[in-house]
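Just my_file32.cif here, mmCIF, N, CA and C atoms:
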data_my_file
loop_
_atom_site.label_atom_id
_atom_site.label_comp_id
_atom_site.auth_asym_id
_atom_site.auth_seq_id
_atom_site.Cartn_x
_atom_site.Cartn_y
_atom_site.Cartn_z
N GLU A 140 113.78 103.53 38.08
CA GLU A 140 114.90 104.24 38.66
C GLU A 140 114.52 105.00 39.91
N ASP A 141 113.23 105.33 40.04
CA ASP A 141 112.77 106.04 41.22
C ASP A 141 112.47 105.03 42.31
N GLY A 142 113.01 105.23 43.49
CA GLY A 142 112.83 104.27 44.58
C GLY A 142 111.49 104.38 45.27
N SER A 143 110.66 105.32 44.83
CA SER A 143 109.37 105.52 45.47
C SER A 143 108.42 106.14 44.47
N ALA A 144 107.17 105.79 44.59
CA ALA A 144 106.17 106.33 43.67
C ALA A 144 105.82 107.76 44.07
N LEU A 145 106.16 108.70 43.20
CA LEU A 145 105.90 110.12 43.46
C LEU A 145 104.43 110.38 43.75
N VAL A 146 103.57 109.60 43.14
CA VAL A 146 102.14 109.80 43.32
C VAL A 146 101.72 109.62 44.78
N THR A 147 102.45 108.81 45.55
CA THR A 147 102.09 108.63 46.96
C THR A 147 102.37 109.88 47.77
N TYR A 148 103.42 110.62 47.41
CA TYR A 148 103.69 111.90 48.08
C TYR A 148 102.62 112.91 47.72
N GLU A 149 102.26 112.94 46.44
CA GLU A 149 101.23 113.87 45.97
C GLU A 149 99.89 113.58 46.62
N ALA A 150 99.58 112.30 46.76
CA ALA A 150 98.31 111.92 47.39
C ALA A 150 98.28 112.37 48.85
N GLN A 151 99.36 112.14 49.58
CA GLN A 151 99.41 112.57 50.97
C GLN A 151 99.31 114.09 51.08
N ALA A 152 100.01 114.80 50.22
CA ALA A 152 99.97 116.26 50.24
C ALA A 152 98.56 116.77 49.97
N SER A 153 97.78 115.98 49.25
CA SER A 153 96.39 116.35 48.96
C SER A 153 95.44 115.90 50.06
N GLY A 154 95.99 115.27 51.11
CA GLY A 154 95.17 114.85 52.23
C GLY A 154 94.50 113.50 52.04
N CYS A 155 95.12 112.65 51.25
CA CYS A 155 94.56 111.31 51.03
C CYS A 155 95.25 110.30 51.95
N ALA A 156 94.47 109.47 52.60
CA ALA A 156 95.03 108.33 53.31
C ALA A 156 95.50 107.33 52.25
N LEU A 157 96.62 106.69 52.50
CA LEU A 157 97.16 105.76 51.51
C LEU A 157 96.70 104.33 51.77
N LEU A 158 96.40 103.63 50.71
CA LEU A 158 96.19 102.19 50.72
C LEU A 158 97.15 101.65 49.66
N VAL A 159 98.32 101.22 50.11
CA VAL A 159 99.39 100.87 49.18
C VAL A 159 100.02 99.54 49.53
N SER A 160 100.63 98.94 48.52
CA SER A 160 101.34 97.68 48.76
C SER A 160 102.75 97.97 49.25
N ASP A 161 103.36 96.95 49.80
CA ASP A 161 104.74 97.07 50.28
C ASP A 161 105.73 97.20 49.13
N ALA A 162 105.26 97.10 47.89
CA ALA A 162 106.12 97.28 46.72
C ALA A 162 106.10 98.72 46.21
N SER A 163 105.30 99.58 46.82
CA SER A 163 105.13 100.95 46.31
C SER A 163 106.28 101.88 46.68
N GLY A 164 106.98 101.59 47.75
CA GLY A 164 108.02 102.49 48.21
C GLY A 164 107.46 103.71 48.92
N ALA A 165 106.19 103.68 49.26
CA ALA A 165 105.55 104.82 49.92
C ALA A 165 106.15 105.04 51.30
N ARG A 166 106.26 106.29 51.68
CA ARG A 166 106.76 106.68 52.99
C ARG A 166 105.58 106.92 53.91
N LEU A 167 105.26 105.93 54.73
CA LEU A 167 104.18 106.06 55.70
C LEU A 167 104.38 105.07 56.81
N THR A 168 103.73 105.34 57.92
CA THR A 168 103.68 104.40 59.02
C THR A 168 102.35 103.66 58.90
N ASP A 169 102.43 102.36 58.75
CA ASP A 169 101.23 101.54 58.59
C ASP A 169 100.28 101.78 59.76
N GLY A 170 99.04 102.12 59.43
CA GLY A 170 98.04 102.36 60.45
C GLY A 170 97.97 103.81 60.91
N VAL A 171 98.88 104.66 60.43
CA VAL A 171 98.88 106.07 60.82
C VAL A 171 98.45 106.95 59.64
N GLU A 172 99.23 106.95 58.56
CA GLU A 172 98.89 107.74 57.38
C GLU A 172 98.10 106.94 56.35
N GLY A 173 97.93 105.69 56.63
CA GLY A 173 97.23 104.79 55.71
C GLY A 173 97.55 103.36 56.08
N PHE A 174 97.28 102.47 55.14
CA PHE A 174 97.52 101.04 55.37
C PHE A 174 98.41 100.46 54.30
N LEU A 175 99.29 99.58 54.72
CA LEU A 175 100.12 98.78 53.82
C LEU A 175 99.55 97.37 53.71
N HIS A 176 99.75 96.76 52.57
CA HIS A 176 99.42 95.35 52.40
C HIS A 176 100.51 94.75 51.51
N HIS A 177 100.65 93.44 51.55
CA HIS A 177 101.61 92.78 50.67
C HIS A 177 101.11 92.85 49.24
N ALA A 178 102.02 93.08 48.32
CA ALA A 178 101.66 93.16 46.92
C ALA A 178 100.88 91.91 46.51
N GLY A 179 99.74 92.11 45.90
CA GLY A 179 98.91 91.00 45.44
C GLY A 179 97.92 90.49 46.48
N ASP A 180 97.97 90.97 47.69
CA ASP A 180 97.08 90.51 48.77
C ASP A 180 95.76 91.28 48.72
N ILE A 181 94.89 90.87 47.83
CA ILE A 181 93.64 91.61 47.63
C ILE A 181 92.67 91.44 48.80
N GLU A 182 92.77 90.35 49.54
CA GLU A 182 91.90 90.17 50.70
C GLU A 182 92.19 91.22 51.76
N THR A 183 93.48 91.44 52.03
CA THR A 183 93.85 92.46 53.02
C THR A 183 93.48 93.84 52.52
N LEU A 184 93.73 94.13 51.26
CA LEU A 184 93.35 95.42 50.69
C LEU A 184 91.85 95.66 50.82
N ALA A 185 91.05 94.64 50.51
CA ALA A 185 89.60 94.77 50.63
C ALA A 185 89.19 95.02 52.08
N ARG A 186 89.83 94.33 53.02
CA ARG A 186 89.54 94.53 54.43
C ARG A 186 89.89 95.96 54.87
N GLN A 187 91.02 96.45 54.40
CA GLN A 187 91.43 97.81 54.73
C GLN A 187 90.45 98.84 54.16
N MET A 188 90.00 98.61 52.96
CA MET A 188 89.03 99.52 52.34
C MET A 188 87.73 99.53 53.13
N ARG A 189 87.28 98.35 53.53
CA ARG A 189 86.05 98.27 54.35
C ARG A 189 86.25 98.96 55.68
N GLN A 190 87.42 98.80 56.28
CA GLN A 190 87.69 99.42 57.58
C GLN A 190 87.57 100.94 57.48
N LEU A 191 88.13 101.52 56.43
CA LEU A 191 88.04 102.97 56.27
C LEU A 191 86.62 103.41 55.92
N ALA A 192 85.92 102.60 55.14
CA ALA A 192 84.54 102.94 54.80
C ALA A 192 83.63 102.88 56.02
N ASP A 193 83.92 101.95 56.92
CA ASP A 193 83.09 101.75 58.11
C ASP A 193 83.47 102.67 59.28
N ASP A 194 84.62 103.30 59.20
CA ASP A 194 85.10 104.14 60.30
C ASP A 194 85.55 105.50 59.77
N PRO A 195 84.60 106.41 59.52
CA PRO A 195 84.95 107.72 58.96
C PRO A 195 85.94 108.50 59.83
N ALA A 196 85.88 108.33 61.15
CA ALA A 196 86.81 109.04 62.03
C ALA A 196 88.24 108.57 61.79
N LEU A 197 88.43 107.27 61.57
CA LEU A 197 89.75 106.72 61.26
C LEU A 197 90.25 107.31 59.94
N LEU A 198 89.39 107.36 58.96
CA LEU A 198 89.76 107.92 57.66
C LEU A 198 90.23 109.37 57.82
N VAL A 199 89.50 110.16 58.56
CA VAL A 199 89.87 111.56 58.76
C VAL A 199 91.21 111.67 59.49
N ARG A 200 91.43 110.84 60.51
CA ARG A 200 92.72 110.86 61.23
C ARG A 200 93.87 110.53 60.28
N MET A 201 93.68 109.53 59.44
CA MET A 201 94.73 109.15 58.50
C MET A 201 94.95 110.23 57.45
N GLN A 202 93.89 110.85 56.99
CA GLN A 202 94.03 111.92 56.01
C GLN A 202 94.84 113.08 56.59
N ARG A 203 94.53 113.45 57.80
CA ARG A 203 95.26 114.55 58.46
C ARG A 203 96.72 114.18 58.68
N ALA A 204 96.95 112.96 59.15
CA ALA A 204 98.32 112.50 59.39
C ALA A 204 99.10 112.44 58.07
N ALA A 205 98.45 112.03 57.00
CA ALA A 205 99.11 111.96 55.70
C ALA A 205 99.54 113.35 55.23
N ALA A 206 98.68 114.34 55.40
CA ALA A 206 99.01 115.70 54.98
C ALA A 206 100.21 116.24 55.76
N VAL A 207 100.26 115.94 57.05
CA VAL A 207 101.41 116.36 57.87
C VAL A 207 102.67 115.61 57.43
N ASN A 208 102.56 114.30 57.22
CA ASN A 208 103.70 113.49 56.82
C ASN A 208 104.29 113.96 55.50
N ALA A 209 103.44 114.38 54.59
CA ALA A 209 103.90 114.81 53.27
C ALA A 209 104.84 116.00 53.34
N GLN A 210 104.74 116.79 54.38
CA GLN A 210 105.60 117.98 54.50
C GLN A 210 107.08 117.62 54.64
N GLN A 211 107.37 116.39 55.01
CA GLN A 211 108.77 115.94 55.10
C GLN A 211 109.36 115.66 53.73
N TYR A 212 108.51 115.51 52.71
CA TYR A 212 108.96 115.01 51.41
C TYR A 212 108.70 115.99 50.29
N THR A 213 108.92 117.28 50.55
CA THR A 213 108.75 118.29 49.51
C THR A 213 110.06 118.45 48.75
N TRP A 214 110.00 119.06 47.57
CA TRP A 214 111.22 119.34 46.82
C TRP A 214 112.10 120.31 47.59
N GLU A 215 111.49 121.25 48.31
CA GLU A 215 112.26 122.19 49.12
C GLU A 215 113.07 121.45 50.18
N ARG A 216 112.42 120.51 50.87
CA ARG A 216 113.13 119.73 51.90
C ARG A 216 114.24 118.88 51.28
N ALA A 217 113.97 118.32 50.11
CA ALA A 217 115.00 117.52 49.43
C ALA A 217 116.20 118.38 49.06
N THR A 218 115.94 119.60 48.60
CA THR A 218 117.03 120.51 48.25
C THR A 218 117.84 120.88 49.49
N GLU A 219 117.16 121.17 50.60
CA GLU A 219 117.85 121.50 51.84
C GLU A 219 118.75 120.34 52.29
N SER A 220 118.24 119.13 52.19
CA SER A 220 119.02 117.95 52.59
C SER A 220 120.24 117.77 51.70
N LEU A 221 120.08 118.02 50.41
CA LEU A 221 121.20 117.89 49.47
C LEU A 221 122.27 118.93 49.78
N ILE A 222 121.85 120.17 50.03
CA ILE A 222 122.81 121.22 50.37
C ILE A 222 123.54 120.86 51.66
N GLU A 223 122.82 120.37 52.65
CA GLU A 223 123.46 119.96 53.91
C GLU A 223 124.48 118.86 53.68
N ALA A 224 124.16 117.93 52.82
CA ALA A 224 125.10 116.83 52.52
C ALA A 224 126.36 117.37 51.85
N TYR A 225 126.20 118.30 50.90
CA TYR A 225 127.35 118.91 50.25
C TYR A 225 128.20 119.69 51.24
N GLU A 226 127.54 120.46 52.11
CA GLU A 226 128.27 121.24 53.11
C GLU A 226 129.04 120.33 54.06
N ALA A 227 128.44 119.24 54.45
CA ALA A 227 129.11 118.28 55.33
C ALA A 227 130.32 117.65 54.63
N ALA A 228 130.19 117.39 53.34
CA ALA A 228 131.29 116.78 52.59
C ALA A 228 132.45 117.75 52.40
N LEU A 229 132.13 119.04 52.32
CA LEU A 229 133.20 120.03 52.14
C LEU A 229 133.96 120.22 53.42
#
Could you write out this file's structure as C-alpha cells?
Amino acid sequence: EDGSALVTYEAQASGCALLVSDASGARLTDGVEGFLHHAGDIETLARQMRQLADDPALLVRMQRAAAVNAQQYTWERATESLIEAYEAAL
C-alpha cells in the first residue's frame, strides 16, 4: 500500500548514499544521492558498489546530497503539504 520504501528516506536522513532498484520507489536523482539499477540487474548493482568503493569522494558527495534530499520527505513536510492541500480545497 505504501508507494515508497520508508527505509530509503530513513537511510538518506542518516547520510547514506542509496543503491536501489527502480522498483523501490525511492526518491532520488540517479547519480546524485545514490544509484538506481533495474530490479534484478546484479551486474549493474555490483558495478555501482565497486564505483563507490573505488571513489570515496563520490561516496561522500552522495552521502551529503542524500542527507539534504531527505529533508524534503519528513513527516513535518508531509503534514504541511496536507494542510496546504486542505486550505486550497476550502
Next on the checklist: Which residues, named as in the file, does the PyMOL selection byres ((chain A and resi 177) around 6.5) pick out? Answer as a PyMOL selection string.
Outcome noted: chain A and resi 159-162+175-176+178-180
Emit the selected residues as a PDB file, in the coordinates of the input, including N, CA and C atoms.
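Generated file (selection_11.pdb):
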ATOM      1  N   VAL A 159      98.320 101.220  50.110  1.00  0.00           N
ATOM      2  CA  VAL A 159      99.390 100.870  49.180  1.00  0.00           C
ATOM      3  C   VAL A 159     100.020  99.540  49.530  1.00  0.00           C
ATOM      4  N   SER A 160     100.630  98.940  48.520  1.00  0.00           N
ATOM      5  CA  SER A 160     101.340  97.680  48.760  1.00  0.00           C
ATOM      6  C   SER A 160     102.750  97.970  49.250  1.00  0.00           C
ATOM      7  N   ASP A 161     103.360  96.950  49.800  1.00  0.00           N
ATOM      8  CA  ASP A 161     104.740  97.070  50.280  1.00  0.00           C
ATOM      9  C   ASP A 161     105.730  97.200  49.130  1.00  0.00           C
ATOM     10  N   ALA A 162     105.260  97.100  47.890  1.00  0.00           N
ATOM     11  CA  ALA A 162     106.120  97.280  46.720  1.00  0.00           C
ATOM     12  C   ALA A 162     106.100  98.720  46.210  1.00  0.00           C
ATOM     13  N   LEU A 175      99.290  99.580  54.720  1.00  0.00           N
ATOM     14  CA  LEU A 175     100.120  98.780  53.820  1.00  0.00           C
ATOM     15  C   LEU A 175      99.550  97.370  53.710  1.00  0.00           C
ATOM     16  N   HIS A 176      99.750  96.760  52.570  1.00  0.00           N
ATOM     17  CA  HIS A 176      99.420  95.350  52.400  1.00  0.00           C
ATOM     18  C   HIS A 176     100.510  94.750  51.510  1.00  0.00           C
ATOM     19  N   ALA A 178     102.020  93.080  48.320  1.00  0.00           N
ATOM     20  CA  ALA A 178     101.660  93.160  46.920  1.00  0.00           C
ATOM     21  C   ALA A 178     100.880  91.910  46.510  1.00  0.00           C
ATOM     22  N   GLY A 179      99.740  92.110  45.900  1.00  0.00           N
ATOM     23  CA  GLY A 179      98.910  91.000  45.440  1.00  0.00           C
ATOM     24  C   GLY A 179      97.920  90.490  46.480  1.00  0.00           C
ATOM     25  N   ASP A 180      97.970  90.970  47.690  1.00  0.00           N
ATOM     26  CA  ASP A 180      97.080  90.510  48.770  1.00  0.00           C
ATOM     27  C   ASP A 180      95.760  91.280  48.720  1.00  0.00           C
TER      28      ASP A 180
END
Checklist entry - Quick one: distance from atom C of Arg216 of chain A to atom C of Ala150 of chain A in Å, one decimal? => result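 Interatomic distance, atom C of Arg216 of chain A to atom C of Ala150 of chain A: 17.4 Å.
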Any chance you could tabulate, as a tab-separated table, the residues of segment 144-213 of chain A at most 12 Å from segment 220-227 of chain A with each one's nearest atom pair and distance in Å to one decimal, using only C-alpha atoms, in chain and rising number order?
residue	atom	partner	partner_atom	distance
A:Gln211	CA	A:Ser220	CA	10.7
A:Tyr212	CA	A:Ser220	CA	10.5
A:Thr213	CA	A:Ser220	CA	10.7
Next on the checklist: Given the PyMOL selection byres (((chain A and resi 147 and name CA) around 10) and name CA) and the file above, list the residues it selects as a PyMOL selection string.
Outcome noted: chain A and resi 143-146+148-153+155-159+163-167+205+209
Keeping only N, CA and C atoms, write the selected residues as a PDB file, keeping the file's coordinate frame.
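Saved file again20.pdb follows:
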ATOM      1  N   SER A 143     110.660 105.320  44.830  1.00  0.00           N
ATOM      2  CA  SER A 143     109.370 105.520  45.470  1.00  0.00           C
ATOM      3  C   SER A 143     108.420 106.140  44.470  1.00  0.00           C
ATOM      4  N   ALA A 144     107.170 105.790  44.590  1.00  0.00           N
ATOM      5  CA  ALA A 144     106.170 106.330  43.670  1.00  0.00           C
ATOM      6  C   ALA A 144     105.820 107.760  44.070  1.00  0.00           C
ATOM      7  N   LEU A 145     106.160 108.700  43.200  1.00  0.00           N
ATOM      8  CA  LEU A 145     105.900 110.120  43.460  1.00  0.00           C
ATOM      9  C   LEU A 145     104.430 110.380  43.750  1.00  0.00           C
ATOM     10  N   VAL A 146     103.570 109.600  43.140  1.00  0.00           N
ATOM     11  CA  VAL A 146     102.140 109.800  43.320  1.00  0.00           C
ATOM     12  C   VAL A 146     101.720 109.620  44.780  1.00  0.00           C
ATOM     13  N   TYR A 148     103.420 110.620  47.410  1.00  0.00           N
ATOM     14  CA  TYR A 148     103.690 111.900  48.080  1.00  0.00           C
ATOM     15  C   TYR A 148     102.620 112.910  47.720  1.00  0.00           C
ATOM     16  N   GLU A 149     102.260 112.940  46.440  1.00  0.00           N
ATOM     17  CA  GLU A 149     101.230 113.870  45.970  1.00  0.00           C
ATOM     18  C   GLU A 149      99.890 113.580  46.620  1.00  0.00           C
ATOM     19  N   ALA A 150      99.580 112.300  46.760  1.00  0.00           N
ATOM     20  CA  ALA A 150      98.310 111.920  47.390  1.00  0.00           C
ATOM     21  C   ALA A 150      98.280 112.370  48.850  1.00  0.00           C
ATOM     22  N   GLN A 151      99.360 112.140  49.580  1.00  0.00           N
ATOM     23  CA  GLN A 151      99.410 112.570  50.970  1.00  0.00           C
ATOM     24  C   GLN A 151      99.310 114.090  51.080  1.00  0.00           C
ATOM     25  N   ALA A 152     100.010 114.800  50.220  1.00  0.00           N
ATOM     26  CA  ALA A 152      99.970 116.260  50.240  1.00  0.00           C
ATOM     27  C   ALA A 152      98.560 116.770  49.970  1.00  0.00           C
ATOM     28  N   SER A 153      97.780 115.980  49.250  1.00  0.00           N
ATOM     29  CA  SER A 153      96.390 116.350  48.960  1.00  0.00           C
ATOM     30  C   SER A 153      95.440 115.900  50.060  1.00  0.00           C
ATOM     31  N   CYS A 155      95.120 112.650  51.250  1.00  0.00           N
ATOM     32  CA  CYS A 155      94.560 111.310  51.030  1.00  0.00           C
ATOM     33  C   CYS A 155      95.250 110.300  51.950  1.00  0.00           C
ATOM     34  N   ALA A 156      94.470 109.470  52.600  1.00  0.00           N
ATOM     35  CA  ALA A 156      95.030 108.330  53.310  1.00  0.00           C
ATOM     36  C   ALA A 156      95.500 107.330  52.250  1.00  0.00           C
ATOM     37  N   LEU A 157      96.620 106.690  52.500  1.00  0.00           N
ATOM     38  CA  LEU A 157      97.160 105.760  51.510  1.00  0.00           C
ATOM     39  C   LEU A 157      96.700 104.330  51.770  1.00  0.00           C
ATOM     40  N   LEU A 158      96.400 103.630  50.710  1.00  0.00           N
ATOM     41  CA  LEU A 158      96.190 102.190  50.720  1.00  0.00           C
ATOM     42  C   LEU A 158      97.150 101.650  49.660  1.00  0.00           C
ATOM     43  N   VAL A 159      98.320 101.220  50.110  1.00  0.00           N
ATOM     44  CA  VAL A 159      99.390 100.870  49.180  1.00  0.00           C
ATOM     45  C   VAL A 159     100.020  99.540  49.530  1.00  0.00           C
ATOM     46  N   SER A 163     105.300  99.580  46.820  1.00  0.00           N
ATOM     47  CA  SER A 163     105.130 100.950  46.310  1.00  0.00           C
ATOM     48  C   SER A 163     106.280 101.880  46.680  1.00  0.00           C
ATOM     49  N   GLY A 164     106.980 101.590  47.750  1.00  0.00           N
ATOM     50  CA  GLY A 164     108.020 102.490  48.210  1.00  0.00           C
ATOM     51  C   GLY A 164     107.460 103.710  48.920  1.00  0.00           C
ATOM     52  N   ALA A 165     106.190 103.680  49.260  1.00  0.00           N
ATOM     53  CA  ALA A 165     105.550 104.820  49.920  1.00  0.00           C
ATOM     54  C   ALA A 165     106.150 105.040  51.300  1.00  0.00           C
ATOM     55  N   ARG A 166     106.260 106.290  51.680  1.00  0.00           N
ATOM     56  CA  ARG A 166     106.760 106.680  52.990  1.00  0.00           C
ATOM     57  C   ARG A 166     105.580 106.920  53.910  1.00  0.00           C
ATOM     58  N   LEU A 167     105.260 105.930  54.730  1.00  0.00           N
ATOM     59  CA  LEU A 167     104.180 106.060  55.700  1.00  0.00           C
ATOM     60  C   LEU A 167     104.380 105.070  56.810  1.00  0.00           C
ATOM     61  N   ALA A 205      98.450 112.030  57.000  1.00  0.00           N
ATOM     62  CA  ALA A 205      99.110 111.960  55.700  1.00  0.00           C
ATOM     63  C   ALA A 205      99.540 113.350  55.230  1.00  0.00           C
ATOM     64  N   ALA A 209     103.440 114.380  54.590  1.00  0.00           N
ATOM     65  CA  ALA A 209     103.900 114.810  53.270  1.00  0.00           C
ATOM     66  C   ALA A 209     104.840 116.000  53.340  1.00  0.00           C
TER      67      ALA A 209
END
Checklist outcome for this item: What separates atom CA of Gln202 of chain A and atom CA of Glu215 of chain A is a distance of 22.0 Å
Next on the checklist: I need the residues of chain A that end up classed as helix (DSSP H, G or I) by DSSP on the backbone, written out as a ChimeraX atom specification.
Outcome noted: /A:145-152,181-193,195-212,214-228
Checklist entry - So which residues get picked by the PyMOL selection byres ((chain A and resi 172) around 5) here, written as a ChimeraX atom specification? => result /A:156-157,168,170-171,173-174,201,204-205
Next on the checklist: Report, in Å to a single decimal, how far apart atom CA of Asn208 of chain A and atom CA of Gly154 of chain A are.
Outcome noted: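 A separation of 9.8 Å between them.
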